[in-house]
file upload_12.pdb (PDB, C-alpha atoms)
ATOM      1  CA  MET A   1      -2.108 -38.828   7.319  1.00  0.00           C
ATOM      2  CA  ILE A   2      -0.355 -36.211   5.169  1.00  0.00           C
ATOM      3  CA  ILE A   3      -2.978 -36.571   2.451  1.00  0.00           C
ATOM      4  CA  GLU A   4      -5.764 -36.017   4.991  1.00  0.00           C
ATOM      5  CA  ILE A   5      -4.054 -32.893   6.327  1.00  0.00           C
ATOM      6  CA  LYS A   6      -3.611 -31.590   2.797  1.00  0.00           C
ATOM      7  CA  GLN A   7      -7.284 -32.275   1.990  1.00  0.00           C
ATOM      8  CA  ALA A   8      -8.361 -30.543   5.208  1.00  0.00           C
ATOM      9  CA  LEU A   9      -6.277 -27.468   4.350  1.00  0.00           C
ATOM     10  CA  VAL A  10      -7.616 -27.359   0.812  1.00  0.00           C
ATOM     11  CA  GLY A  11     -11.137 -27.587   2.224  1.00  0.00           C
ATOM     12  CA  LEU A  12     -10.513 -24.728   4.648  1.00  0.00           C
ATOM     13  CA  LEU A  13      -8.945 -22.465   2.029  1.00  0.00           C
ATOM     14  CA  SER A  14     -11.278 -23.150  -0.894  1.00  0.00           C
ATOM     15  CA  GLY A  15     -14.568 -21.447  -1.497  1.00  0.00           C
ATOM     16  CA  ASP A  16     -15.696 -17.853  -1.359  1.00  0.00           C
ATOM     17  CA  GLY A  17     -17.240 -17.824   2.123  1.00  0.00           C
ATOM     18  CA  VAL A  18     -16.017 -15.431   4.770  1.00  0.00           C
ATOM     19  CA  ARG A  19     -14.026 -18.089   6.651  1.00  0.00           C
ATOM     20  CA  ALA A  20     -12.099 -19.241   3.578  1.00  0.00           C
ATOM     21  CA  GLN A  21     -11.500 -15.659   2.462  1.00  0.00           C
ATOM     22  CA  PHE A  22     -10.291 -14.646   5.895  1.00  0.00           C
ATOM     23  CA  LEU A  23      -7.870 -17.582   6.058  1.00  0.00           C
ATOM     24  CA  ARG A  24      -6.523 -16.826   2.573  1.00  0.00           C
ATOM     25  CA  TYR A  25      -6.344 -13.131   3.479  1.00  0.00           C
ATOM     26  CA  ALA A  26      -4.469 -13.948   6.688  1.00  0.00           C
ATOM     27  CA  LEU A  27      -1.927 -16.174   4.936  1.00  0.00           C
ATOM     28  CA  THR A  28      -1.417 -13.772   2.053  1.00  0.00           C
ATOM     29  CA  GLY A  29      -1.451 -10.799   4.403  1.00  0.00           C
ATOM     30  CA  VAL A  30       1.248 -12.311   6.604  1.00  0.00           C
ATOM     31  CA  ALA A  31       3.543 -12.481   3.590  1.00  0.00           C
ATOM     32  CA  ILE A  32       2.690  -8.943   2.430  1.00  0.00           C
ATOM     33  CA  THR A  33       2.965  -7.497   5.933  1.00  0.00           C
ATOM     34  CA  ALA A  34       6.275  -9.290   6.527  1.00  0.00           C
ATOM     35  CA  PHE A  35       7.545  -7.809   3.254  1.00  0.00           C
ATOM     36  CA  GLN A  36       6.390  -4.310   4.302  1.00  0.00           C
ATOM     37  CA  ILE A  37       7.838  -4.614   7.794  1.00  0.00           C
ATOM     38  CA  ALA A  38      11.143  -5.968   6.485  1.00  0.00           C
ATOM     39  CA  ILE A  39      11.479  -2.872   4.319  1.00  0.00           C
ATOM     40  CA  TYR A  40      10.447  -0.552   7.172  1.00  0.00           C
ATOM     41  CA  TRP A  41      12.725  -2.210   9.720  1.00  0.00           C
ATOM     42  CA  GLY A  42      15.650  -2.556   7.317  1.00  0.00           C
ATOM     43  CA  LEU A  43      15.525   1.121   6.431  1.00  0.00           C
ATOM     44  CA  ALA A  44      14.559   2.608   9.816  1.00  0.00           C
ATOM     45  CA  GLY A  45      16.726   0.303  11.939  1.00  0.00           C
ATOM     46  CA  PRO A  46      20.162  -0.527  10.548  1.00  0.00           C
ATOM     47  CA  LEU A  47      20.193   2.154   7.836  1.00  0.00           C
ATOM     48  CA  ALA A  48      18.733   4.884  10.100  1.00  0.00           C
ATOM     49  CA  VAL A  49      16.442   6.237   7.368  1.00  0.00           C
ATOM     50  CA  ASP A  50      13.702   8.545   8.688  1.00  0.00           C
ATOM     51  CA  VAL A  51      10.936   6.356  10.123  1.00  0.00           C
ATOM     52  CA  GLN A  52       8.179   7.944   8.027  1.00  0.00           C
ATOM     53  CA  LEU A  53      10.192   7.563   4.819  1.00  0.00           C
ATOM     54  CA  ALA A  54      10.888   3.933   5.724  1.00  0.00           C
ATOM     55  CA  ASN A  55       7.177   3.406   6.417  1.00  0.00           C
ATOM     56  CA  PHE A  56       6.277   4.927   3.032  1.00  0.00           C
ATOM     57  CA  ALA A  57       8.750   2.690   1.184  1.00  0.00           C
ATOM     58  CA  GLY A  58       7.255  -0.369   2.876  1.00  0.00           C
ATOM     59  CA  TYR A  59       3.764   0.855   2.055  1.00  0.00           C
ATOM     60  CA  ILE A  60       4.520   1.198  -1.675  1.00  0.00           C
ATOM     61  CA  ALA A  61       5.861  -2.362  -1.803  1.00  0.00           C
ATOM     62  CA  ALA A  62       2.821  -3.659   0.104  1.00  0.00           C
ATOM     63  CA  VAL A  63       0.308  -1.847  -2.114  1.00  0.00           C
ATOM     64  CA  VAL A  64       1.675  -3.265  -5.331  1.00  0.00           C
ATOM     65  CA  SER A  65       1.994  -6.819  -4.035  1.00  0.00           C
ATOM     66  CA  GLY A  66      -1.248  -6.573  -2.028  1.00  0.00           C
ATOM     67  CA  TYR A  67      -3.446  -5.553  -4.950  1.00  0.00           C
ATOM     68  CA  VAL A  68      -2.257  -8.456  -7.066  1.00  0.00           C
ATOM     69  CA  LEU A  69      -2.156 -11.110  -4.351  1.00  0.00           C
ATOM     70  CA  HIS A  70      -5.380 -10.223  -2.539  1.00  0.00           C
ATOM     71  CA  GLY A  71      -7.264  -9.926  -5.822  1.00  0.00           C
ATOM     72  CA  ARG A  72      -5.992 -13.263  -7.122  1.00  0.00           C
ATOM     73  CA  ILE A  73      -5.805 -15.256  -3.890  1.00  0.00           C
ATOM     74  CA  SER A  74      -7.618 -13.775  -0.900  1.00  0.00           C
ATOM     75  CA  PHE A  75     -10.798 -12.696  -2.655  1.00  0.00           C
ATOM     76  CA  ALA A  76     -10.690 -15.068  -5.644  1.00  0.00           C
ATOM     77  CA  GLY A  77     -14.221 -15.766  -6.807  1.00  0.00           C
ATOM     78  CA  HIS A  78     -15.722 -13.022  -4.635  1.00  0.00           C
ATOM     79  CA  GLY A  79     -17.589 -10.120  -6.132  1.00  0.00           C
ATOM     80  CA  GLU A  80     -17.681  -8.692  -9.613  1.00  0.00           C
ATOM     81  CA  ARG A  81     -14.642  -8.423 -11.849  1.00  0.00           C
ATOM     82  CA  ASP A  82     -16.173  -6.324 -14.616  1.00  0.00           C
ATOM     83  CA  LYS A  83     -15.114  -2.884 -13.310  1.00  0.00           C
ATOM     84  CA  PRO A  84     -11.353  -3.099 -12.756  1.00  0.00           C
ATOM     85  CA  MET A  85     -10.816   0.681 -12.635  1.00  0.00           C
ATOM     86  CA  ALA A  86     -13.472   1.158  -9.962  1.00  0.00           C
ATOM     87  CA  ARG A  87     -12.002  -1.726  -7.947  1.00  0.00           C
ATOM     88  CA  ALA A  88      -8.477  -0.278  -8.324  1.00  0.00           C
ATOM     89  CA  PHE A  89      -9.734   3.120  -7.120  1.00  0.00           C
ATOM     90  CA  ARG A  90     -11.412   1.555  -4.073  1.00  0.00           C
ATOM     91  CA  PHE A  91      -8.288  -0.479  -3.345  1.00  0.00           C
ATOM     92  CA  MET A  92      -6.142   2.671  -3.457  1.00  0.00           C
ATOM     93  CA  ALA A  93      -8.530   4.471  -1.108  1.00  0.00           C
ATOM     94  CA  VAL A  94      -8.342   1.633   1.425  1.00  0.00           C
ATOM     95  CA  SER A  95      -4.576   1.351   1.027  1.00  0.00           C
ATOM     96  CA  LEU A  96      -4.169   5.085   1.651  1.00  0.00           C
ATOM     97  CA  LEU A  97      -6.239   4.684   4.804  1.00  0.00           C
ATOM     98  CA  SER A  98      -3.975   1.812   5.893  1.00  0.00           C
ATOM     99  CA  TYR A  99      -0.917   3.941   5.139  1.00  0.00           C
ATOM    100  CA  ALA A 100      -2.315   6.816   7.208  1.00  0.00           C
ATOM    101  CA  LEU A 101      -3.076   4.452  10.066  1.00  0.00           C
ATOM    102  CA  ASN A 102       0.423   2.946   9.978  1.00  0.00           C
ATOM    103  CA  ALA A 103       1.934   6.428   9.740  1.00  0.00           C
ATOM    104  CA  PHE A 104      -0.058   7.324  12.835  1.00  0.00           C
ATOM    105  CA  TRP A 105       1.292   4.231  14.655  1.00  0.00           C
ATOM    106  CA  VAL A 106       4.856   5.181  13.671  1.00  0.00           C
ATOM    107  CA  TRP A 107       4.371   8.807  14.697  1.00  0.00           C
ATOM    108  CA  GLY A 108       2.664   7.929  17.971  1.00  0.00           C
ATOM    109  CA  CYS A 109       5.128   5.263  19.029  1.00  0.00           C
ATOM    110  CA  VAL A 110       8.437   6.564  17.680  1.00  0.00           C
ATOM    111  CA  THR A 111       8.100  10.325  17.306  1.00  0.00           C
ATOM    112  CA  TRP A 112       5.661  11.237  20.062  1.00  0.00           C
ATOM    113  CA  ALA A 113       6.367   8.583  22.720  1.00  0.00           C
ATOM    114  CA  HIS A 114      10.084   8.204  21.819  1.00  0.00           C
ATOM    115  CA  TRP A 115       9.827   4.427  21.875  1.00  0.00           C
ATOM    116  CA  PRO A 116      12.119   2.185  19.779  1.00  0.00           C
ATOM    117  CA  VAL A 117      11.492   1.942  16.023  1.00  0.00           C
ATOM    118  CA  TRP A 118      10.089  -1.590  16.360  1.00  0.00           C
ATOM    119  CA  THR A 119       7.208  -0.596  18.652  1.00  0.00           C
ATOM    120  CA  PRO A 120       4.624   0.237  15.932  1.00  0.00           C
ATOM    121  CA  ILE A 121       5.126  -3.174  14.305  1.00  0.00           C
ATOM    122  CA  PRO A 122       2.559  -5.077  16.439  1.00  0.00           C
ATOM    123  CA  LEU A 123      -0.075  -2.479  15.544  1.00  0.00           C
ATOM    124  CA  MET A 124       0.909  -2.758  11.872  1.00  0.00           C
ATOM    125  CA  VAL A 125       0.582  -6.542  12.073  1.00  0.00           C
ATOM    126  CA  PHE A 126      -2.698  -6.895  13.975  1.00  0.00           C
ATOM    127  CA  VAL A 127      -4.811  -3.731  14.003  1.00  0.00           C
ATOM    128  CA  THR A 128      -4.322  -2.322  10.508  1.00  0.00           C
ATOM    129  CA  PRO A 129      -4.833  -5.632   8.639  1.00  0.00           C
ATOM    130  CA  ALA A 130      -8.042  -6.393  10.547  1.00  0.00           C
ATOM    131  CA  LEU A 131      -9.574  -3.097   9.462  1.00  0.00           C
ATOM    132  CA  VAL A 132      -8.306  -3.499   5.903  1.00  0.00           C
ATOM    133  CA  PHE A 133      -9.804  -7.008   5.620  1.00  0.00           C
ATOM    134  CA  VAL A 134     -13.264  -5.705   6.433  1.00  0.00           C
ATOM    135  CA  LEU A 135     -12.966  -2.815   3.990  1.00  0.00           C
ATOM    136  CA  ASN A 136     -11.517  -5.009   1.225  1.00  0.00           C
ATOM    137  CA  ARG A 137     -14.219  -7.632   1.581  1.00  0.00           C
ATOM    138  CA  GLN A 138     -17.161  -5.283   1.952  1.00  0.00           C
ATOM    139  CA  TRP A 139     -16.151  -2.507  -0.417  1.00  0.00           C
ATOM    140  CA  VAL A 140     -13.130  -3.189  -2.652  1.00  0.00           C
ATOM    141  CA  PHE A 141     -13.687  -6.774  -3.813  1.00  0.00           C
ATOM    142  CA  ARG A 142     -17.494  -6.769  -3.509  1.00  0.00           C
TER     143      ARG A 142
END

call {"tool": "encode", "arguments": {"input": "upload_12.pdb", "output": "structure tokens"}}
result
Amino acid sequence: MIIEIKQALVGLLSGDGVRAQFLRYALTGVAITAFQIAIYWGLAGPLAVDVQLANFAGYIAAVVSGYVLHGRISFAGHGERDKPMARAFRFMAVSLLSYALNAFWVWGCVTWAHWPVWTPIPLMVFVTPALVFVLNRQWVFR
């Protein structure tokens, strides 16, 4: 039974089709997003660091880990690998867009609406990564 489950998981996660890439992206992205949110929440919550500064610190950690992990795991075998500088530039452009979007969520929820510091987290977890997946697959790791 365990061997069959393992084989089924390997089958789902292997390959360079959209479904396999999305599943790998989701699993890798959960780890990266959890890392980013832990930094944001740890700084903005208990340490009372400014929410935008906390968001930026989380973003920097996510960009570094995201470029390596998504390139090696999520989009392994997808697209060309012969222009690493162009790919790095595209990745930075998408990551800056994701940072701006998350900064908007933080501003809108915490600064403008005066909601608790945790309220932008669901948007950071579900909305931003969905947009970034499409851009990464179609433009960055093409």

call {"tool": "closest_residue", "arguments": {"input": "upload_12.pdb", "among": "A:Trp118, A:Trp41, A:Phe75, A:Phe56", "to": "Arg137 (chain A)", "atoms": "all atoms listed in the file"}}
result
A:Phe75

call {"tool": "atom_distance", "arguments": {"input": "upload_12.pdb", "atom1": "CA of Ala54 (chain A)", "atom2": "CA of Ile39 (chain A)"}}
result
7.0 Å

call {"tool": "residues_around", "arguments": {"input": "upload_12.pdb", "residues": "region 87-92 of chain A", "least_positions_apart": "5", "cutoff": "12 Å", "atoms": "only C-alpha atoms", "output": "mmCIF file with C-alpha atoms, in the coordinates of the input"}}
result
data_model
loop_
_atom_site.group_PDB
_atom_site.id
_atom_site.type_symbol
_atom_site.label_atom_id
_atom_site.label_comp_id
_atom_site.auth_asym_id
_atom_site.auth_seq_id
_atom_site.Cartn_x
_atom_site.Cartn_y
_atom_site.Cartn_z
ATOM 1 C CA TYR A 59 3.764 0.855 2.055
ATOM 2 C CA ILE A 60 4.520 1.198 -1.675
ATOM 3 C CA ALA A 62 2.821 -3.659 0.104
ATOM 4 C CA VAL A 63 0.308 -1.847 -2.114
ATOM 5 C CA VAL A 64 1.675 -3.265 -5.331
ATOM 6 C CA GLY A 66 -1.248 -6.573 -2.028
ATOM 7 C CA TYR A 67 -3.446 -5.553 -4.950
ATOM 8 C CA VAL A 68 -2.257 -8.456 -7.066
ATOM 9 C CA HIS A 70 -5.380 -10.223 -2.539
ATOM 10 C CA GLY A 71 -7.264 -9.926 -5.822
ATOM 11 C CA GLY A 79 -17.589 -10.120 -6.132
ATOM 12 C CA GLU A 80 -17.681 -8.692 -9.613
ATOM 13 C CA ARG A 81 -14.642 -8.423 -11.849
ATOM 14 C CA ASP A 82 -16.173 -6.324 -14.616
ATOM 15 C CA LEU A 97 -6.239 4.684 4.804
ATOM 16 C CA SER A 98 -3.975 1.812 5.893
ATOM 17 C CA TYR A 99 -0.917 3.941 5.139
ATOM 18 C CA VAL A 132 -8.306 -3.499 5.903
ATOM 19 C CA PHE A 133 -9.804 -7.008 5.620
ATOM 20 C CA LEU A 135 -12.966 -2.815 3.990
ATOM 21 C CA ASN A 136 -11.517 -5.009 1.225
ATOM 22 C CA ARG A 137 -14.219 -7.632 1.581
ATOM 23 C CA GLN A 138 -17.161 -5.283 1.952
ATOM 24 C CA TRP A 139 -16.151 -2.507 -0.417
ATOM 25 C CA VAL A 140 -13.130 -3.189 -2.652
ATOM 26 C CA PHE A 141 -13.687 -6.774 -3.813
ATOM 27 C CA ARG A 142 -17.494 -6.769 -3.509
#

call {"tool": "closest_atom_pairs", "arguments": {"input": "upload_12.pdb", "of": "region 42-139 of chain A", "to": "region 24-38 of chain A", "cutoff": "6 Å", "atoms": "all atoms listed in the file", "output": "JSON lines"}}
result
{"residue": "A:Gly42", "atom": "CA", "partner": "A:Ala38", "partner_atom": "CA", "distance": 5.7}
{"residue": "A:Gly58", "atom": "CA", "partner": "A:Gln36", "partner_atom": "CA", "distance": 4.3}
{"residue": "A:Ala62", "atom": "CA", "partner": "A:Gln36", "partner_atom": "CA", "distance": 5.5}
{"residue": "A:Ser74", "atom": "CA", "partner": "A:Tyr25", "partner_atom": "CA", "distance": 4.6}

call {"tool": "residues_around", "arguments": {"input": "upload_12.pdb", "residues": "Met124 (chain A)", "least_positions_apart": "4", "cutoff": "8 Å", "atoms": "only C-alpha atoms", "output": "PyMOL selection string"}}
result
chain A and resi 33+102+105+120+128-129

call {"tool": "atom_distance", "arguments": {"input": "upload_12.pdb", "atom1": "CA of Ala103 (chain A)", "atom2": "CA of Leu53 (chain A)"}}
result
9.7 Å

call {"tool": "closest_residue", "arguments": {"input": "upload_12.pdb", "among": "A:Val117, A:Ala61, A:Val125, A:Leu23", "to": "Ala48 (chain A)", "atoms": "all atoms listed in the file"}}
result
A:Val117

call {"tool": "closest_residue", "arguments": {"input": "upload_12.pdb", "among": "A:Ala86, A:Val51, A:Ile73, A:Ile2", "to": "Val110 (chain A)", "atoms": "all atoms listed in the file"}}
result
A:Val51

call {"tool": "closest_residue", "arguments": {"input": "upload_12.pdb", "among": "A:Val18, A:Ala93, A:Leu123, A:Val49", "to": "Cys109 (chain A)", "atoms": "all atoms listed in the file"}}
result
A:Leu123

call {"tool": "atom_distance", "arguments": {"input": "upload_12.pdb", "atom1": "CA of Val134 (chain A)", "atom2": "CA of Gly17 (chain A)"}}
result
13.5 Å
